[in-house]
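*Asks:* Below is one structure. I have some questions about it.
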Protein chains: 2
Amino acid sequence: MGQGDYQILHEADLRAYLAGLPDLKGLLGGEPAAWAITEVGDGNLNLVFIVKGARGGIAVKQALPYVRLVGESWPLPLSRAHYEYLALMRQAQLAPGLVPAVLHHNVALALIVMELLEPHIIMRKGLVAATRYPRFVDDITTFMARTLFFTSDLALSAAEKKEAIAAFAGNHALCKITEDLIFTDPYRIAEQNRWTAPYLDGLAASLREDLELHVAVSRLKLKFMASPEALIHGDLHTGSIMVTNSQTRVIDPEFAFYGPMGFDVGAVLANLLMAYFASAGHERAPGERAAFEAWVLETVEQVWTEFARKFLDLWRAGAAGDAYPPSLFPGEKGAARLEAERQAYMQRLFTDAVGFAAAKIIRRIFGLAHNIDFELIEDAKKRAISEARAVRLARVMMVEPGAFPVITDVTAAARNLRDWVPELSG
Amino acid sequence: MGQGDYQILHEADLRAYLAGLPDLKGLLGGEPAAWAITEVGDGNLNLVFIVKGARGGIAVKQALPYVRLVGESWPLPLSRAHYEYLALMRQAQLAPGLVPAVLHHNVALALIVMELLEPHIIMRKGLVAATRYPRFVDDITTFMARTLFFTSDLALSAAEKKEAIAAFAGNHALCKITEDLIFTDPYRIAEQNRWTAPYLDGLAASLREDLELHVAVSRLKLKFMASPEALIHGDLHTGSIMVTNSQTRVIDPEFAFYGPMGFDVGAVLANLLMAYFASAGHERAPGERAAFEAWVLETVEQVWTEFARKFLDLWRAGAAGDAYPPSLFPGEKGAARLEAERQAYMQRLFTDAVGFAAAKIIRRIFGLAHNIDFELIEDAKKRAISEARAVRLARVMMVEPGAFPVITDVTAAARNLRDWVPELSG
């Protein structure tokens with residue numbers, strides 16, 4: 001097939017296509033007919049194949065012209081594969097070793113071939129199994145600090161920044177998914193919403209009538225739409241992170257665009273907090289996951305503190321961007337005043353992250369796309385209890401983010417809700 | 001000359017060019033050889049010709065590949081004429097009758113032919129002469145409310161907004177002028193700075209050491225660079241507004257891009273405030289301009305209140321944009337809560353406008369580009385006194401914009417400074 005033709009790749013098409021690419025053929029090794037090809041996509045949008053040959057393996061991701069989770073009734077542009085490719089290349093530059101290496105890219109096919117991550121697993125699965133990941137904090141905070149800082153006004157000239165914003169502006173169909181599914185639908189009647197019924201029926205109804213929450217989520221939505229602070233991953237949950245005991249890789253940046261940094265940071269915090277609240281639902285004996293849960297909250301704290309430390313260090317080490325020009329802060333007094341402003345900047349970013357984290361929690365409990373942290377709690381009532389605890393925290397994080405001036409305020413609030421017994425419906 | 005060739009148009013070239021365009025030739029009337037062509041550009045960047053024939057007249061604006069005020073040593077892309085054209089067309093759609101009609105456009109020549117505005121004069125000249133303009137408030141607030149509202153997230157889908165941001169992203173060389181000359185240079189040693197020496201030497205030095213001011217202007221700069229709220233004019237001072245007693249036209253949107261709305265609103269407020277403070281320097285007898293000065297402050301108040309009223313009315317009448325979806329604010333209670341949030345939104349916008357106004361004042365007194373409000377005060381000491389009063393207000397507006405919750409706080413502060421006697425240097 002030529003570069004100009006899109007077609008959905010079935011196993012045989014893919015085998016023929018890869019056989020025609022000498023580098024990949026060599027990497028896989030052996031006869032193409034003997035390659036093992038498995039479609040493994042468990043995400044919501046795309047086809048993902050694992051291909052293994054005599055010598056090695058690769059992962060192949062192809063965008064479909066619709067949302068896989070929903071079907072052809074919900075079309076979605078193939079161009080998202082282009083933006084994913086752009087983001088992967090930029091992230092690889094900025095955070096080497098923390099994203100999968102791209103081996104091949106075909107724009108027309110909306111196809112990206114990447115190194116096979118093995119024996120990495122999706123982090124969320126590990127968290128459900130109460131696995132602790134000792135590398136995670138250091139790796140994810142390096143990823144976030146470097147990708148966000150170096151694409152921000154602190155590191156880029158205003159001209160470079162505007163060109164970069166424009167380069168990702170076309171990815172608006174993916175942004176729209178976030179705008180609708182995270183910032184709008186969970187707060188109103190929407191066909192695609194679902195929740196743990198009947199237990200959360202009352203809570204779902206109260207969220208739909210909670211006007212303070214609606215104002216807060218609308219402000220977050222506006223910030224998401226109109227604050228191109230940096231190149232954000234845009235979907236940085238624990239299902240977009242693959243881990244082993246010693247490695248971390250961030251995958252799937254197809255939602256990437258220039259948006260608010262707090263959205264990425266908040267996504268990581270939110271998904272850890274959900275793992276924490278879900279944990280009670282997974283325990284077979286009281287307290288058996290206590291060490292894991294303590295690790296999760298410690299990780300929440302460290303994700304923020306290490307991210308902030310690394311981001312500030314990059315800024316202090318020499319910011320070449322047009323924002324906060326060093327020439328306006330000369331001498332010792334200037335340096336001290338700029339440092340105070342850096343702290344204020346990080347405080348504003350933290351407040352954003354707290355708000356966005358709340359939005360990410362609520363959408364996973366009342367919106368279209370749920371996560372296995374909660375979904376794998378088989379007992380629906382137990383699941384509802386875990387979810388209600390998470391929602392109770394999220395509601396106050398969103399409406400009063402300023403009530404959490406430091407990250408330990410968030411973890412303390414989470415710990416206090418660990419055994420809180422919500423009133424359920426039904 | 002072909003569409004592909006740029007050349008600076010001299011009078012003879014322009015005559016030949018226009019003679020080759022039947023519509024314009026007809027509009028001008030008579031023999032091309034008899035057309036009166038005068039170069040009148042008194043702005044900082046471009047060539048501007050007035051062409052008059054037996055029947056009618058036109059204005060012709062051509063971008064030069066450098067900054068006219070400085071010369072060939074400061075190159076500036078011709079593409080600004082393209083962005084000016086885009087902005088003029090959009091503004092004409094949104095605010096009919098408030099911008100000059102475009103009659104012809106040549107991308108390669110960086111040329112725009114517009115209706116001749118006659119007998120309009122540059123508003124700033126009228127203000128120096130203490131002329132009051134009864135149409136001004138209504139027209140400028142209609143212009144700002146409609147151009148800003150309809151290009152914002154309140155009126156556009158997120159997709160339309162992102163495409164529009166991208167369409168203007170290439171105008172970054174013009175943005176950079178603002179970033180440097182307004183938000184950076186006046187606060188540090190810069191070759192191009194000038195001020196009324198020696199009287200303001202001390203004040204200039206104190207501004208360069210005022211770290212609270214440097215933090216404040218850096219926050220405004222970051223907001224200017226990274227808050228694409230709406231299509232802003234980008235240079236909306238009283239030299240970009242042409243007036244008669246009964247008409248108002250906004251010209252010269254070559255700085256247009258997606259930026260913070262408060263920058264345009266602040267520009268209008270700042271230039272009126274400068275006209276107010278300059279007025280004392282123009283009086284030949286005490287109090288002779290009192291009625292004019294009262295009108296200016298009343299106009300400052302009405303510019304904000306009428307702008308806010310019209311912007312809110314547009315929002316209430318039906319916002320089709322993706323921000324603040326009406327479905328999240330159902331019923332009477334929802335409507336009331338949304339209305340309260342609209343007021344809060346306008347309050348944030350007002351605070352932005354106060355800060356940006358301050359930046360626009362300070363740059364006209366210590367930066368490269370000054371204005372005739374002050375410059376035409378021949379007595380340098382008198383001029384310095386007027387300027388120092390304006391700077392005293394601007395400093396507190398920038399550092400503590402929250403100290404001005406309503407526009408009458410700004411006008412009251414200005415009035416209190418009308419006869420304040422500053423300490424001058426020299």
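Chain labels run A, B, ... following the order of the structure tokens; each chain numbers its residues from 1, and ligands are numbered from 1 in the order shown.
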Counting only C-alpha atoms, what is within 7 Å of range 192-208 of chain B, bar same-chain residues fewer than 2 positions away, as number ranges by chain?
*Replies:* B: 186-188, 190, 210, 365-368, 380-381, 384, 424-426
*Asks:* Find the spatial neighbours of Glu400 in chain B, counting only C-alpha atoms, within a cut-off of 12 Å - ignore same-chain residues fewer than 4 positions away - and output them as a list in words.
*Replies:*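 Contacts, with the query itself left out: Glu212, Leu213, Val215, Ala216, Val217, Thr351, Asp352, Val354, Gly355, Ala358, Leu393, Ala394, Arg395, Val396, Phe404, Pro405 and Val410 of chain B.
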*Asks:* Could you name the residues that touch Ile121 in chain A at 10 Å or less, counting only C-alpha atoms, but leaving out those on the same chain fewer than 3 positions away, as a PyMOL selection string?
*Replies:* chain A and resi 117-118+124-126+239+241-244+248-249
*Asks:* With C-alpha atoms kept, could you save the residues just selected as a CSV table (one decimal), in the first residue's frame?
*Replies:*
```
chain,number,residue,atom,x,y,z
A,117,LEU,CA,8.2,-2.7,26.3
A,118,GLU,CA,8.8,-6.0,28.0
A,124,ARG,CA,-2.7,0.6,37.0
A,125,LYS,CA,-2.7,-3.2,36.9
A,126,GLY,CA,0.2,-3.3,39.3
A,239,GLY,CA,-3.0,3.4,32.3
A,241,ILE,CA,2.4,4.5,32.2
A,242,MET,CA,4.2,1.2,31.8
A,243,VAL,CA,6.4,0.0,34.6
A,244,THR,CA,8.8,-2.6,35.9
A,248,THR,CA,9.1,3.7,33.8
A,249,ARG,CA,7.8,4.5,30.4
```
*Asks:* Counting only C-alpha atoms, a student should be able to say which residues of chain A come within 8 Å of chain B; what is the right answer, written as a compact mmCIF listing (two decimals) with N, CA and C atoms, in the first residue's frame?
*Replies:*
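Final output, saved to result38.txt:
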```txt
# COMPACT_ATOMS: atom_id res chain seq x y z
N ASP A 153 6.94 28.97 28.62
CA ASP A 153 7.49 30.32 28.40
C ASP A 153 8.73 30.59 29.22
N ALA A 158 9.02 33.59 23.00
CA ALA A 158 7.60 33.71 22.71
C ALA A 158 7.30 33.25 21.29
N ALA A 159 8.22 33.48 20.38
CA ALA A 159 8.02 33.07 18.98
C ALA A 159 8.01 31.54 18.88
N LYS A 162 4.74 30.21 20.33
CA LYS A 162 3.56 30.38 19.49
C LYS A 162 3.56 29.38 18.33
N GLU A 163 4.73 29.16 17.74
CA GLU A 163 4.82 28.19 16.65
C GLU A 163 4.47 26.79 17.16
N ILE A 165 2.59 26.03 19.79
CA ILE A 165 1.14 25.98 20.06
C ILE A 165 0.39 25.69 18.76
N ALA A 166 0.78 26.41 17.71
CA ALA A 166 0.10 26.25 16.42
C ALA A 166 0.29 24.83 15.87
N ALA A 167 1.47 24.25 16.10
CA ALA A 167 1.75 22.91 15.57
C ALA A 167 0.83 21.86 16.17
N ALA A 169 -2.31 22.76 17.43
CA ALA A 169 -3.68 23.31 17.50
C ALA A 169 -4.68 22.41 16.79
N GLY A 170 -4.21 21.68 15.78
CA GLY A 170 -5.11 20.82 15.02
C GLY A 170 -5.60 19.60 15.77
N HIS A 172 -7.57 19.30 18.05
CA HIS A 172 -8.69 19.73 18.89
C HIS A 172 -9.78 18.69 19.08
N ALA A 173 -9.83 17.71 18.18
CA ALA A 173 -10.85 16.67 18.38
C ALA A 173 -10.54 15.85 19.63
N LYS A 176 -11.39 17.93 22.60
CA LYS A 176 -12.86 17.97 22.79
C LYS A 176 -13.35 16.78 23.60
N THR A 184 -17.55 18.32 31.49
CA THR A 184 -18.95 18.68 31.26
C THR A 184 -19.91 17.54 31.61
N TYR A 187 -21.38 16.17 35.02
CA TYR A 187 -22.11 17.13 35.85
C TYR A 187 -23.52 17.40 35.33
N ARG A 188 -23.92 16.62 34.33
CA ARG A 188 -25.26 16.81 33.77
C ARG A 188 -25.75 15.44 33.29
N ARG A 208 -25.06 16.65 40.03
CA ARG A 208 -25.72 17.35 38.93
C ARG A 208 -26.41 18.63 39.40
N LEU A 211 -24.18 23.52 42.17
CA LEU A 211 -23.79 24.64 41.31
C LEU A 211 -22.40 25.18 41.63
N HIS A 214 -20.25 23.12 39.66
CA HIS A 214 -20.37 23.43 38.23
C HIS A 214 -19.57 24.67 37.86
N VAL A 215 -19.57 25.66 38.74
CA VAL A 215 -18.73 26.84 38.49
C VAL A 215 -17.26 26.43 38.51
N SER A 218 -16.29 24.51 35.47
CA SER A 218 -16.32 25.37 34.29
C SER A 218 -15.07 26.25 34.23
N ARG A 219 -14.61 26.69 35.39
CA ARG A 219 -13.35 27.45 35.41
C ARG A 219 -12.18 26.57 34.98
N LYS A 221 -12.41 23.99 33.02
CA LYS A 221 -12.56 23.74 31.58
C LYS A 221 -12.01 24.92 30.78
N LEU A 222 -12.36 26.12 31.21
CA LEU A 222 -11.84 27.30 30.51
C LEU A 222 -10.32 27.33 30.57
N MET A 225 -8.95 24.92 28.11
CA MET A 225 -9.10 25.35 26.71
C MET A 225 -8.17 26.51 26.36
N ALA A 226 -7.90 27.38 27.31
CA ALA A 226 -7.28 28.66 26.93
C ALA A 226 -6.03 29.01 27.72
N SER A 227 -5.31 27.99 28.20
CA SER A 227 -4.05 28.26 28.92
C SER A 227 -2.92 27.39 28.36
N PRO A 228 -2.41 27.76 27.20
CA PRO A 228 -1.35 26.95 26.59
C PRO A 228 -0.01 27.18 27.28
N GLU A 229 0.11 26.63 28.48
CA GLU A 229 1.32 26.87 29.27
C GLU A 229 2.50 26.04 28.79
N ALA A 323 9.74 34.63 29.49
CA ALA A 323 9.04 34.98 30.74
C ALA A 323 10.06 35.25 31.85
N TYR A 324 9.74 36.15 32.74
CA TYR A 324 10.60 36.47 33.88
C TYR A 324 12.05 36.67 33.47
N PRO A 325 12.32 37.67 32.63
CA PRO A 325 13.70 37.88 32.18
C PRO A 325 14.64 38.16 33.36
N SER A 327 17.20 39.81 33.55
CA SER A 327 17.70 41.19 33.61
C SER A 327 16.82 42.08 34.48
N LEU A 328 15.59 41.66 34.75
CA LEU A 328 14.73 42.46 35.64
C LEU A 328 14.95 42.11 37.11
N PHE A 329 15.81 41.12 37.37
CA PHE A 329 16.02 40.69 38.76
C PHE A 329 17.51 40.61 39.07
N GLY A 334 17.47 41.07 43.72
CA GLY A 334 16.69 40.61 42.57
C GLY A 334 16.54 39.11 42.58
N ARG A 337 14.03 38.10 45.18
CA ARG A 337 12.65 38.42 44.80
C ARG A 337 12.15 37.45 43.73
N LEU A 338 13.04 37.12 42.78
CA LEU A 338 12.66 36.17 41.74
C LEU A 338 12.40 34.79 42.34
N GLU A 341 9.06 34.72 43.75
CA GLU A 341 8.06 34.65 42.69
C GLU A 341 7.99 33.23 42.11
```
*Asks:* Between A:Gly26, A:Arg309, A:Ser240, A:Leu231, single out the one closest to Ala256 in chain A, counting only C-alpha atoms.
*Replies:*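 Closest to Ala256 in chain A, using only C-alpha atoms: A:Leu231.
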*Asks:* List every residue of range 67-165 of chain A that DSSP, applied to the backbone, labels as alpha helix (DSSP H), and write the result as a ChimeraX atom specification.
*Replies:* /A:80-94,123-128,136-149,158-165
